[in-house]
Structures are given as C-alpha cells and as structure tokens.
$ cat model08.txt   # compact mmCIF, C-alpha atoms and all ligand atoms
# COMPACT_ATOMS: atom_id res chain seq x y z
CA MET A 1 16.00 238.58 58.94
CA VAL A 2 18.41 235.96 60.32
CA HIS A 3 18.17 235.30 64.03
CA PRO A 4 21.49 235.19 65.87
CA PHE A 5 21.14 231.79 67.44
CA PRO A 6 22.96 231.00 70.67
CA MET A 7 25.78 228.49 70.42
CA ASN A 8 25.14 225.03 71.77
CA THR A 9 25.74 225.37 75.48
CA GLY A 10 25.99 221.68 76.27
CA LYS A 11 22.35 221.64 77.39
CA PRO A 12 20.19 218.73 76.16
CA ILE A 13 18.90 219.18 72.61
CA SER A 14 15.44 220.68 72.79
CA ALA A 15 12.88 221.16 70.05
CA LEU A 16 10.04 223.65 69.91
CA VAL A 17 7.32 221.88 67.91
CA MET A 18 4.50 223.90 66.38
CA MET A 19 1.31 222.19 67.56
CA SER A 20 -1.96 222.71 65.75
CA GLY A 21 -3.46 219.80 67.66
CA GLY A 22 -3.80 217.81 64.44
CA LEU A 23 -2.23 214.41 63.86
CA ASP A 24 0.73 215.66 61.81
CA SER A 25 2.08 217.94 64.51
CA MET A 26 1.60 215.18 67.10
CA LEU A 27 3.62 212.80 64.95
CA ALA A 28 6.39 215.37 64.52
CA ALA A 29 6.60 215.59 68.31
CA CYS A 30 6.59 211.77 68.67
CA ILE A 31 9.35 211.31 66.09
CA LEU A 32 11.62 213.77 67.90
CA LYS A 33 10.78 212.45 71.37
CA ALA A 34 11.70 208.96 70.17
CA GLN A 35 15.20 210.30 69.46
CA GLY A 36 15.56 211.50 73.05
CA ILE A 37 14.98 215.16 72.22
CA ALA A 38 13.22 217.29 74.83
CA VAL A 39 10.06 218.46 73.06
CA THR A 40 7.95 221.50 73.96
CA GLY A 41 4.82 222.34 71.97
CA LEU A 42 3.98 225.82 70.76
CA CYS A 43 0.56 226.92 69.60
CA PHE A 44 -1.19 230.18 68.88
CA GLU A 45 -4.61 231.51 69.76
CA SER A 46 -6.79 234.15 68.12
CA PRO A 47 -10.48 234.94 67.60
CA PHE A 48 -10.18 232.89 64.38
CA PHE A 49 -8.96 229.63 65.88
CA LYS A 50 -8.67 228.12 69.33
CA ALA A 51 -5.85 226.29 71.08
CA ASP A 52 -8.11 223.60 72.64
CA LYS A 53 -6.99 220.78 70.34
CA ALA A 54 -3.32 221.65 70.83
CA ARG A 55 -3.86 221.61 74.61
CA ALA A 56 -5.46 218.15 74.40
CA ALA A 57 -2.66 216.92 72.12
CA ALA A 58 0.04 218.16 74.52
CA VAL A 59 -1.67 216.35 77.40
CA GLN A 60 -1.82 213.12 75.39
CA LEU A 61 1.85 213.44 74.43
CA GLY A 62 2.89 214.45 77.94
CA ILE A 63 4.77 217.53 76.75
CA PRO A 64 4.68 221.14 77.97
CA LEU A 65 2.86 223.62 75.76
CA ILE A 66 3.47 227.33 75.20
CA VAL A 67 0.32 229.20 74.08
CA GLU A 68 0.79 232.63 72.48
CA ASP A 69 -1.74 235.19 71.28
CA PHE A 70 -1.62 235.71 67.51
CA THR A 71 -4.49 238.16 66.98
CA ASP A 72 -2.55 241.30 66.05
CA ASP A 73 -0.19 239.38 63.76
CA LEU A 74 -3.03 237.79 61.84
CA ILE A 75 -5.05 240.98 61.49
CA ALA A 76 -1.99 242.77 60.11
CA LEU A 77 -1.61 239.95 57.57
CA VAL A 78 -5.27 240.10 56.55
CA GLU A 79 -4.76 243.83 55.96
CA HIS A 80 -1.61 243.35 53.88
CA PRO A 81 -0.92 239.76 52.83
CA LYS A 82 2.37 239.74 50.97
CA HIS A 83 1.62 236.37 49.40
CA GLY A 84 -2.11 236.91 48.92
CA PHE A 85 -5.05 234.89 50.19
CA GLY A 86 -6.04 231.23 49.91
CA GLY A 87 -9.58 230.31 48.86
CA ASN A 88 -11.20 232.73 51.33
CA ILE A 89 -9.67 235.44 53.53
CA ASN A 90 -6.89 233.16 54.80
CA PRO A 91 -3.39 234.54 54.20
CA CYS A 92 -1.90 231.09 54.82
CA ILE A 93 1.64 231.50 53.48
CA ASP A 94 2.25 234.74 55.39
CA CYS A 95 0.44 233.44 58.46
CA HIS A 96 2.54 230.33 58.55
CA ALA A 97 5.79 232.20 58.01
CA ASN A 98 4.83 234.61 60.76
CA MET A 99 4.01 231.84 63.22
CA ILE A 100 7.38 230.27 62.54
CA ARG A 101 9.07 233.67 62.85
CA ARG A 102 7.40 233.99 66.28
CA ALA A 103 8.63 230.48 67.09
CA GLY A 104 12.15 231.70 66.21
CA LEU A 105 11.81 234.53 68.72
CA ILE A 106 10.69 232.09 71.42
CA LEU A 107 13.57 229.79 70.47
CA GLN A 108 15.96 232.66 71.16
CA ARG A 109 14.15 233.77 74.30
CA ASP A 110 13.95 230.31 75.89
CA GLY A 111 17.07 228.70 74.39
CA PHE A 112 15.55 225.89 72.31
CA SER A 113 17.88 224.15 69.83
CA PHE A 114 15.56 224.22 66.79
CA VAL A 115 11.96 224.49 65.61
CA ALA A 116 9.97 221.65 64.02
CA THR A 117 6.57 221.47 62.33
CA GLY A 118 4.24 218.69 61.21
CA GLU A 119 4.13 219.94 57.63
CA VAL A 120 3.98 217.31 54.90
CA LEU A 121 5.32 218.06 51.45
CA ASN A 122 2.51 218.66 48.90
CA GLN A 123 -0.25 217.99 51.43
CA ARG A 124 -1.81 221.38 50.80
CA PRO A 125 -1.72 222.76 47.26
CA MET A 126 -0.94 226.33 48.25
CA SER A 127 1.20 226.36 51.34
CA GLN A 128 3.07 223.06 51.35
CA THR A 129 4.76 222.85 47.96
CA LYS A 130 8.53 222.57 48.07
CA LYS A 131 8.80 226.18 46.91
CA ASN A 132 6.47 227.51 49.60
CA LEU A 133 8.00 225.43 52.38
CA ASN A 134 11.23 227.12 51.40
CA VAL A 135 9.60 230.58 51.33
CA VAL A 136 8.33 229.99 54.87
CA ALA A 137 11.75 228.82 56.11
CA GLU A 138 13.46 231.86 54.56
CA GLU A 139 10.90 234.53 55.49
CA SER A 140 10.51 233.29 59.04
CA GLY A 141 14.25 233.87 59.49
CA LEU A 142 14.73 230.32 60.76
CA LYS A 143 16.12 228.98 57.47
CA ASP A 144 17.68 225.57 58.14
CA ARG A 145 16.91 225.67 61.86
CA LEU A 146 13.43 224.61 60.75
CA LEU A 147 12.91 220.85 60.54
CA ARG A 148 9.92 219.05 59.03
CA PRO A 149 10.34 215.53 60.44
CA LEU A 150 7.47 214.01 58.41
CA SER A 151 8.99 214.93 55.03
CA ALA A 152 12.61 215.62 56.00
CA LYS A 153 14.09 212.94 53.76
CA LEU A 154 12.58 214.67 50.72
CA LEU A 155 13.87 218.11 51.73
CA PRO A 156 17.38 219.58 51.97
CA GLU A 157 19.30 218.62 55.10
CA THR A 158 18.77 221.04 57.97
CA GLU A 159 21.15 222.20 60.65
CA PRO A 160 19.82 219.90 63.42
CA GLU A 161 20.51 216.95 61.08
CA ARG A 162 23.93 218.22 59.97
CA LEU A 163 25.05 218.78 63.55
CA GLY A 164 23.92 215.32 64.56
CA TRP A 165 21.23 216.58 66.95
CA VAL A 166 18.67 214.60 64.96
CA ASP A 167 19.22 211.29 63.15
CA ARG A 168 18.05 211.96 59.57
CA SER A 169 17.76 208.23 58.87
CA ARG A 170 14.94 208.01 61.45
CA LEU A 171 12.95 210.87 59.91
CA LEU A 172 10.20 210.27 57.31
CA ASP A 173 9.60 210.84 53.60
CA LEU A 174 5.85 211.49 53.52
CA ASN A 175 4.55 213.28 50.45
CA GLY A 176 1.04 214.22 49.26
CA ARG A 177 -2.50 214.31 50.52
CA SER A 178 -3.11 210.71 51.56
CA ARG A 179 -3.53 210.36 55.33
CA LYS A 180 -2.94 206.61 55.42
CA PRO A 181 0.82 206.76 56.10
CA GLN A 182 0.18 209.08 59.05
CA TYR A 183 -2.32 206.65 60.58
CA LYS A 184 0.25 203.88 60.27
CA VAL A 185 2.89 205.99 62.03
CA ALA A 186 0.33 206.91 64.72
CA GLU A 187 -0.15 203.19 65.35
CA GLU A 188 3.61 202.69 65.68
CA PHE A 189 3.67 205.41 68.35
CA ALA A 190 0.58 203.92 70.02
CA LEU A 191 -1.35 207.17 69.89
CA THR A 192 -4.66 206.22 71.43
CA SER A 193 -6.70 209.25 70.40
CA VAL A 194 -6.07 210.35 66.82
CA PRO A 195 -7.61 213.74 65.98
CA THR A 196 -9.43 213.91 62.63
CA SER A 197 -8.08 217.38 61.91
CA ALA A 198 -6.62 220.40 63.65
CA GLY A 199 -8.93 223.11 65.05
CA GLY A 200 -10.56 224.86 62.09
CA CYS A 201 -9.60 228.40 61.15
CA LYS A 202 -12.62 230.66 60.64
CA LEU A 203 -10.79 232.61 57.92
CA THR A 204 -11.18 229.59 55.63
CA GLU A 205 -14.99 229.44 56.08
CA PRO A 206 -16.83 231.21 53.23
CA ASN A 207 -19.63 232.78 55.35
CA TYR A 208 -17.24 234.01 58.01
CA ALA A 209 -14.83 235.24 55.36
CA GLU A 210 -17.58 237.37 53.77
CA LYS A 211 -18.01 239.18 57.08
CA MET A 212 -14.25 239.65 57.42
CA TRP A 213 -14.07 241.08 53.88
CA ASP A 214 -16.79 243.52 54.93
CA LEU A 215 -14.78 244.64 57.99
CA ARG A 216 -11.67 244.98 55.82
CA ARG A 217 -13.51 247.11 53.23
CA ASN A 218 -14.84 249.34 55.98
CA GLY A 219 -11.56 249.70 57.90
CA GLN A 220 -12.84 247.89 61.00
CA LEU A 221 -10.42 245.00 61.33
CA ARG A 222 -8.82 246.65 64.36
CA ASN A 223 -12.14 246.80 66.22
CA PRO A 224 -12.07 243.88 68.74
CA GLN A 225 -15.83 244.06 69.34
CA ALA A 226 -16.52 243.82 65.60
CA ILE A 227 -14.25 240.77 65.31
CA ALA A 228 -15.66 239.07 68.42
CA LEU A 229 -19.23 239.40 67.10
CA LEU A 230 -18.48 237.75 63.76
CA ARG A 231 -19.14 234.31 65.22
CA ILE A 232 -22.78 234.99 66.00
CA GLY A 233 -25.96 236.30 64.42
CA ARG A 234 -27.02 237.58 61.00
CA HIS A 235 -24.97 240.62 60.00
CA PHE A 236 -26.25 243.67 58.12
CA ARG A 237 -24.15 246.62 56.93
CA LEU A 238 -26.15 249.84 57.38
CA SER A 239 -23.32 252.34 56.69
CA PRO A 240 -19.50 252.20 56.61
CA THR A 241 -19.44 252.55 60.40
CA VAL A 242 -22.77 251.03 61.46
CA LYS A 243 -23.87 247.39 61.56
CA ALA A 244 -26.97 245.61 62.82
CA ILE A 245 -26.50 242.09 64.17
CA VAL A 246 -29.63 239.98 64.58
CA GLY A 247 -29.63 237.10 67.08
CA ARG A 248 -30.74 233.70 65.75
CA ASP A 249 -31.58 232.00 69.03
CA ALA A 250 -31.86 232.68 72.77
CA THR A 251 -28.13 232.17 73.38
CA GLU A 252 -27.14 234.60 70.64
CA ASN A 253 -29.73 237.11 71.85
CA GLN A 254 -28.22 236.98 75.30
CA THR A 255 -24.66 237.35 73.98
CA LEU A 256 -25.68 240.36 71.90
CA THR A 257 -27.38 241.99 74.90
CA HIS A 258 -24.16 241.57 76.91
CA SER A 259 -21.95 242.83 74.08
CA ILE A 260 -23.34 246.35 74.08
CA GLN A 261 -20.72 249.11 74.28
CA PRO A 262 -21.13 252.87 74.84
CA GLY A 263 -22.85 254.35 71.77
CA ASP A 264 -24.47 251.02 70.73
CA THR A 265 -28.21 250.34 70.75
CA VAL A 266 -30.04 247.11 71.62
CA MET A 267 -33.47 246.40 70.14
CA ASN A 268 -36.19 243.95 71.08
CA THR A 269 -39.83 243.28 70.37
CA LEU A 270 -42.36 243.76 73.20
CA PRO A 271 -41.96 241.05 75.90
CA ALA A 272 -45.13 239.24 74.79
CA ILE A 273 -43.90 238.84 71.21
CA PRO A 274 -41.11 236.34 70.42
CA GLY A 275 -38.41 238.04 68.42
CA PRO A 276 -34.68 238.51 68.11
CA THR A 277 -32.34 240.83 69.93
CA VAL A 278 -30.68 243.25 67.50
CA LEU A 279 -27.42 244.96 68.40
CA VAL A 280 -26.64 248.13 66.46
CA THR A 281 -22.94 248.95 66.65
CA GLY A 282 -21.32 252.25 65.74
CA PRO A 283 -22.61 255.83 65.54
CA ALA A 284 -26.09 255.10 64.19
CA GLY A 285 -28.30 257.92 62.90
CA GLU A 286 -32.09 257.84 63.04
CA ARG A 287 -32.36 256.18 59.59
CA ASP A 288 -29.95 253.43 60.63
CA LEU A 289 -31.92 252.84 63.82
CA GLU A 290 -35.18 252.68 61.91
CA MET A 291 -33.78 250.12 59.48
CA ALA A 292 -32.37 248.03 62.34
CA ALA A 293 -35.79 248.15 64.04
CA ARG A 294 -37.37 246.96 60.78
CA LEU A 295 -34.93 244.04 60.74
CA CYS A 296 -35.90 243.23 64.34
CA ALA A 297 -39.57 243.17 63.27
CA ARG A 298 -38.75 241.10 60.19
CA TYR A 299 -37.21 238.27 62.22
CA SER A 300 -39.92 238.31 64.91
CA ASP A 301 -43.05 236.14 65.09
CA VAL A 302 -45.16 239.04 63.79
CA ARG A 303 -43.17 239.62 60.59
CA THR A 304 -46.37 239.77 58.48
CA ALA A 305 -47.95 242.57 60.54
CA PRO A 306 -48.08 245.97 58.82
CA GLU A 307 -46.37 247.62 61.78
CA VAL A 308 -44.51 246.31 64.83
CA GLU A 309 -43.46 248.10 68.00
CA ILE A 310 -39.73 247.79 68.72
CA ILE A 311 -38.04 248.82 71.98
CA LEU A 312 -34.69 250.62 71.63
CA THR A 313 -32.27 250.73 74.56
CA ALA A 314 -29.13 252.87 74.48
CA GLY A 315 -27.38 253.39 77.79
CA PRO A 316 -29.95 254.40 80.39
CA SER A 317 -32.54 255.57 77.85
CA THR A 318 -35.32 253.49 76.37
CA ARG A 319 -37.86 254.41 73.71
CA SER A 320 -39.99 252.63 71.12
CA LEU A 321 -40.50 252.87 67.36
CA MET A 322 -43.43 251.65 65.23
CA VAL A 323 -41.96 250.22 62.02
CA ALA A 324 -42.89 248.06 59.04
CA PRO A 325 -40.92 244.80 58.91
CA ALA A 326 -37.94 244.87 56.50
CA THR A 327 -38.66 243.41 53.05
CA ASP A 328 -36.77 240.68 51.13
CA LEU A 329 -35.24 243.48 49.08
CA ASP A 330 -33.94 245.23 52.23
CA VAL A 331 -32.42 241.97 53.45
CA ASP A 332 -30.76 241.21 50.08
CA ARG A 333 -29.34 244.72 49.92
CA LEU A 334 -27.96 244.89 53.46
CA LYS A 335 -27.07 241.32 54.46
CA ILE A 336 -23.35 240.57 54.55
S1 LIG B 401 -5.68 228.30 57.97
FE1 LIG B 401 -5.75 230.16 59.24
S2 LIG B 401 -4.36 229.75 60.93
FE2 LIG B 401 -3.88 228.26 59.33
S3 LIG B 401 -2.24 229.18 58.15
FE3 LIG B 401 -4.16 229.71 57.14
S4 LIG B 401 -4.73 231.71 58.00
FE4 LIG B 401 -3.18 230.81 59.36
$ encode --input "model08.txt" --output "structure tokens"
Amino acid sequence: MVHPFPMNTGKPISALVMMSGGLDSMLAACILKAQGIAVTGLCFESPFFKADKARAAAVQLGIPLIVEDFTDDLIALVEHPKHGFGGNINPCIDCHANMIRRAGLILQRDGFSFVATGEVLNQRPMSQTKKNLNVVAEESGLKDRLLRPLSAKLLPETEPERLGWVDRSRLLDLNGRSRKPQYKVAEEFALTSVPTSAGGCKLTEPNYAEKMWDLRRNGQLRNPQAIALLRIGRHFRLSPTVKAIVGRDATENQTLTHSIQPGDTVMNTLPAIPGPTVLVTGPAGERDLEMAARLCARYSDVRTAPEVEIILTAGPSTRSLMVAPATDLDVDRLKI
C-alpha cells in the first residue's frame, strides 16, 4: 500500500524517528537534529517490550516522544508471520515493517515530512540485510520516505535527500556489527549516557518463547491474562484450555493471587507450611485441580511427605484436598 503523502506545506521539515531507546536510534535523531530538522520520537509498547528506555532517550535528547500500543499488531504477526520467525518466536521482519507502516500512518495523521530509523546495514543477520531493509521499506508502504541516516550513504537515495530536506553528505555509511563507529559518533554528539542496548524483547528469549509457542498451539494468544502471566512463575499445561502457574517467590505468589479471574482457582499450602501459590486458569475439571494441587505440594517445604493438604479457593468457596506431591515424571510431562 502506498500512503498518499501530503504535499510540503511550507512548514518546517519534521522527522518522525523510530526510537527503541538504543544508541542507534538516538544517533539517528542526533544526526537529523544537527541538520535543523524538527525531530519527534516514536516508540511502541506491548507486553513483550517496554518503552522505558525510549522515554529516557527522548528526555536525554530533549525531543517529544509518541508512545503507541503495539500488542494487537504483534500478536497477529505471531499468529501469521509472513516472513517467518527469527531464532525464537520473534517475527522480526514483519514486526519491523508493521511498526514502520504504523509510523507512516502517524506521519499522515500528524503531518511529519518523513520517517527515520536507526537501522544499520548488516548489523543483524536476518532483518538488516540490504534485501530486508528494502522489504521493510516496501511493505511498510513508506518506500523512499524512509531514511536510515546511519547507513544512508550505502543505500539508494531517498525522497528527503532528493528534495533537499536532508543533506546526504552529512549522513553516515555505517555497515556491519561493530559498535565502535557508533560510540565515536556518540562522542561527537556529546551523548553523556550511552545505553548498552535497547529494551529487550521477550519474544527473543528462549524460555519465554517456549511459553508463547504453547499459547499459540493452544489458540490462547488472544487471552490477555495468559499473556500477562507469561513473565512470572513456572508454567504447566494441564489441558488445551487449562494451565497451572506456580509462584517462585513471595512477590510472584502475591501477583498470582491478585491475577485470579472468574472461573480460576488459587491454591496454597496450610498457613504453617511454606509453599507456593498456584493459579489454575481456565475451565479446570477435578483431575486438573488434583494435578495442580500435587504441583503445589511438590514445590512446598513438605515435598517429601506422602500426602499434603492443599487449600483451593475459587470465588467465595474454599475447600481442601489431600494429595501426593507431583513426581519428576509429572513435572517433565507437564512443564512448558
Ligand atoms: S525483537 Fe521483538 S520488537 Fe524487535 S523486531 Fe523482533 S519481534 Fe519486533
């Protein structure tokens, strides 16, 4: 899709710079600011990554920042990634193209002149080859309204350069994975606080990705509670619609207790016995509840006892079950 861009209205040239909060996007903003261009940052937020670093970067650069929610976009891409996944459950090429497509919509909405990113040619093997930078520019609909100031001299001329909005001779020709040239440029711009990397994306973390694959297999990616709980606890799949999540410390136990929704069950050991909180989500049958109670016993301080009493709370009703702690075999079979 090609966006119908507004004609230049005589307003100052303004760039919408995609900010991850990492050094590269900060440098892209600095390079454009140094040319007198009005720079606004844009970043996205989702349960898989936060905007905190982008917020801090915008403060350091003294630029305004637009923060947009990206949850639905990213879940749709995890369901159907046109260009496949990276090393884990990260659909990076599609994700990136979609973020830039969203930037194009904001450009139209708010009247920015062009969009810029901090991408560096060949910095990432999958998403930043010349071919894939081009795929992103095309599929986002921005085409040559998308400028990559850090590698621009190695890429075809873009519209902002052709129209004289940006001086191509003052853009860079960075290429590859080395970070040294970026640190040198950061010095030139007197950036006092240089971030080591942008905020991490959970979809690239193997353990987290396993739990996302499980939700995908079981058709639960659109369940906000299921996504929100992926960050905490040990996760066990009891049936396609039922999970048990076992708290690993007092903070997680508290979070699980407060995450209960209608139809869920919370389990605990007796007050005198240290043990985890277990949250059972979904329409659990008696066998599911018994297995979850066995997991609760297994991770308690009395895991070697032949039987342990577990308290089950669902809505206003409370009852107890006597169960044998789950075995290693149970854990291996059910743990995600
Ligand atoms: S690492 Fe995460 S946020 Fe970044 S492009 Fe890949 S999927 Fe998107």
$ atom_distance --input "model08.txt" --atom1 "CA of Ala209 (chain A)" --atom2 "CA of Glu252 (chain A)"
19.6 Å
$ residues_around --input "model08.txt" --residues "region 227-232 of chain A" --least-positions-apart "5" --cutoff "7 Å" --atoms "all atoms listed in the file" --output "list in words"
Pro47, Tyr208, Lys211, Leu221 and Glu252 of chain A
$ residues_near_ligand --input "model08.txt" --ligand "ligand LIG 401 (chain B)" --cutoff "8 Å" --atoms "all atoms listed in the file" --output "compact mmCIF listing (two decimals) with C-alpha atoms, in the frame of the given file"
# COMPACT_ATOMS: atom_id res chain seq x y z
CA PHE A 48 -10.18 232.89 64.38
CA PHE A 49 -8.96 229.63 65.88
CA LEU A 74 -3.03 237.79 61.84
CA GLY A 86 -6.04 231.23 49.91
CA ILE A 89 -9.67 235.44 53.53
CA ASN A 90 -6.89 233.16 54.80
CA PRO A 91 -3.39 234.54 54.20
CA CYS A 92 -1.90 231.09 54.82
CA ILE A 93 1.64 231.50 53.48
CA ASP A 94 2.25 234.74 55.39
CA CYS A 95 0.44 233.44 58.46
CA HIS A 96 2.54 230.33 58.55
CA GLY A 200 -10.56 224.86 62.09
CA CYS A 201 -9.60 228.40 61.15
CA LYS A 202 -12.62 230.66 60.64
CA LEU A 203 -10.79 232.61 57.92
CA THR A 204 -11.18 229.59 55.63
$ axis_aligned_box --input "model08.txt" --around "region 156-169 of chain A" --padding-each-side "4 Å" --output "JSON"
{"center_x": 21.2, "center_y": 215.2, "center_z": 59.5, "size_x": 15.7, "size_y": 22.0, "size_z": 23.0}
$ closest_residue --input "model08.txt" --among "A:Leu16, A:Ile260, A:Val135, A:Leu150" --to "Leu107 (chain A)" --atoms "all atoms listed in the file"
A:Leu16
$ atom_distance --input "model08.txt" --atom1 "CA of Asn218 (chain A)" --atom2 "CA of Thr71 (chain A)"
18.8 Å
$ atom_distance --input "model08.txt" --atom1 "CA of Leu174 (chain A)" --atom2 "CA of Ala57 (chain A)"
21.2 Å
$ residues_near_point --input "model08.txt" --point "(16.8, 218.0, 76.8)" --cutoff "8 Å" --atoms "all atoms listed in the file" --output "list of chain:residue names"
A:Lys11, A:Pro12, A:Ile13, A:Ser14, A:Gly36, A:Ile37, A:Ala38, A:Val39
$ closest_residue --input "model08.txt" --among "A:Ala292, A:Cys43, A:Leu155, A:Val302" --to "Thr129 (chain A)" --atoms "all atoms listed in the file"
A:Leu155
$ closest_residue --input "model08.txt" --among "A:Ser300, A:Leu270, A:Asp214, A:Leu23" --to "Arg248 (chain A)" --atoms "all atoms listed in the file"
A:Ser300
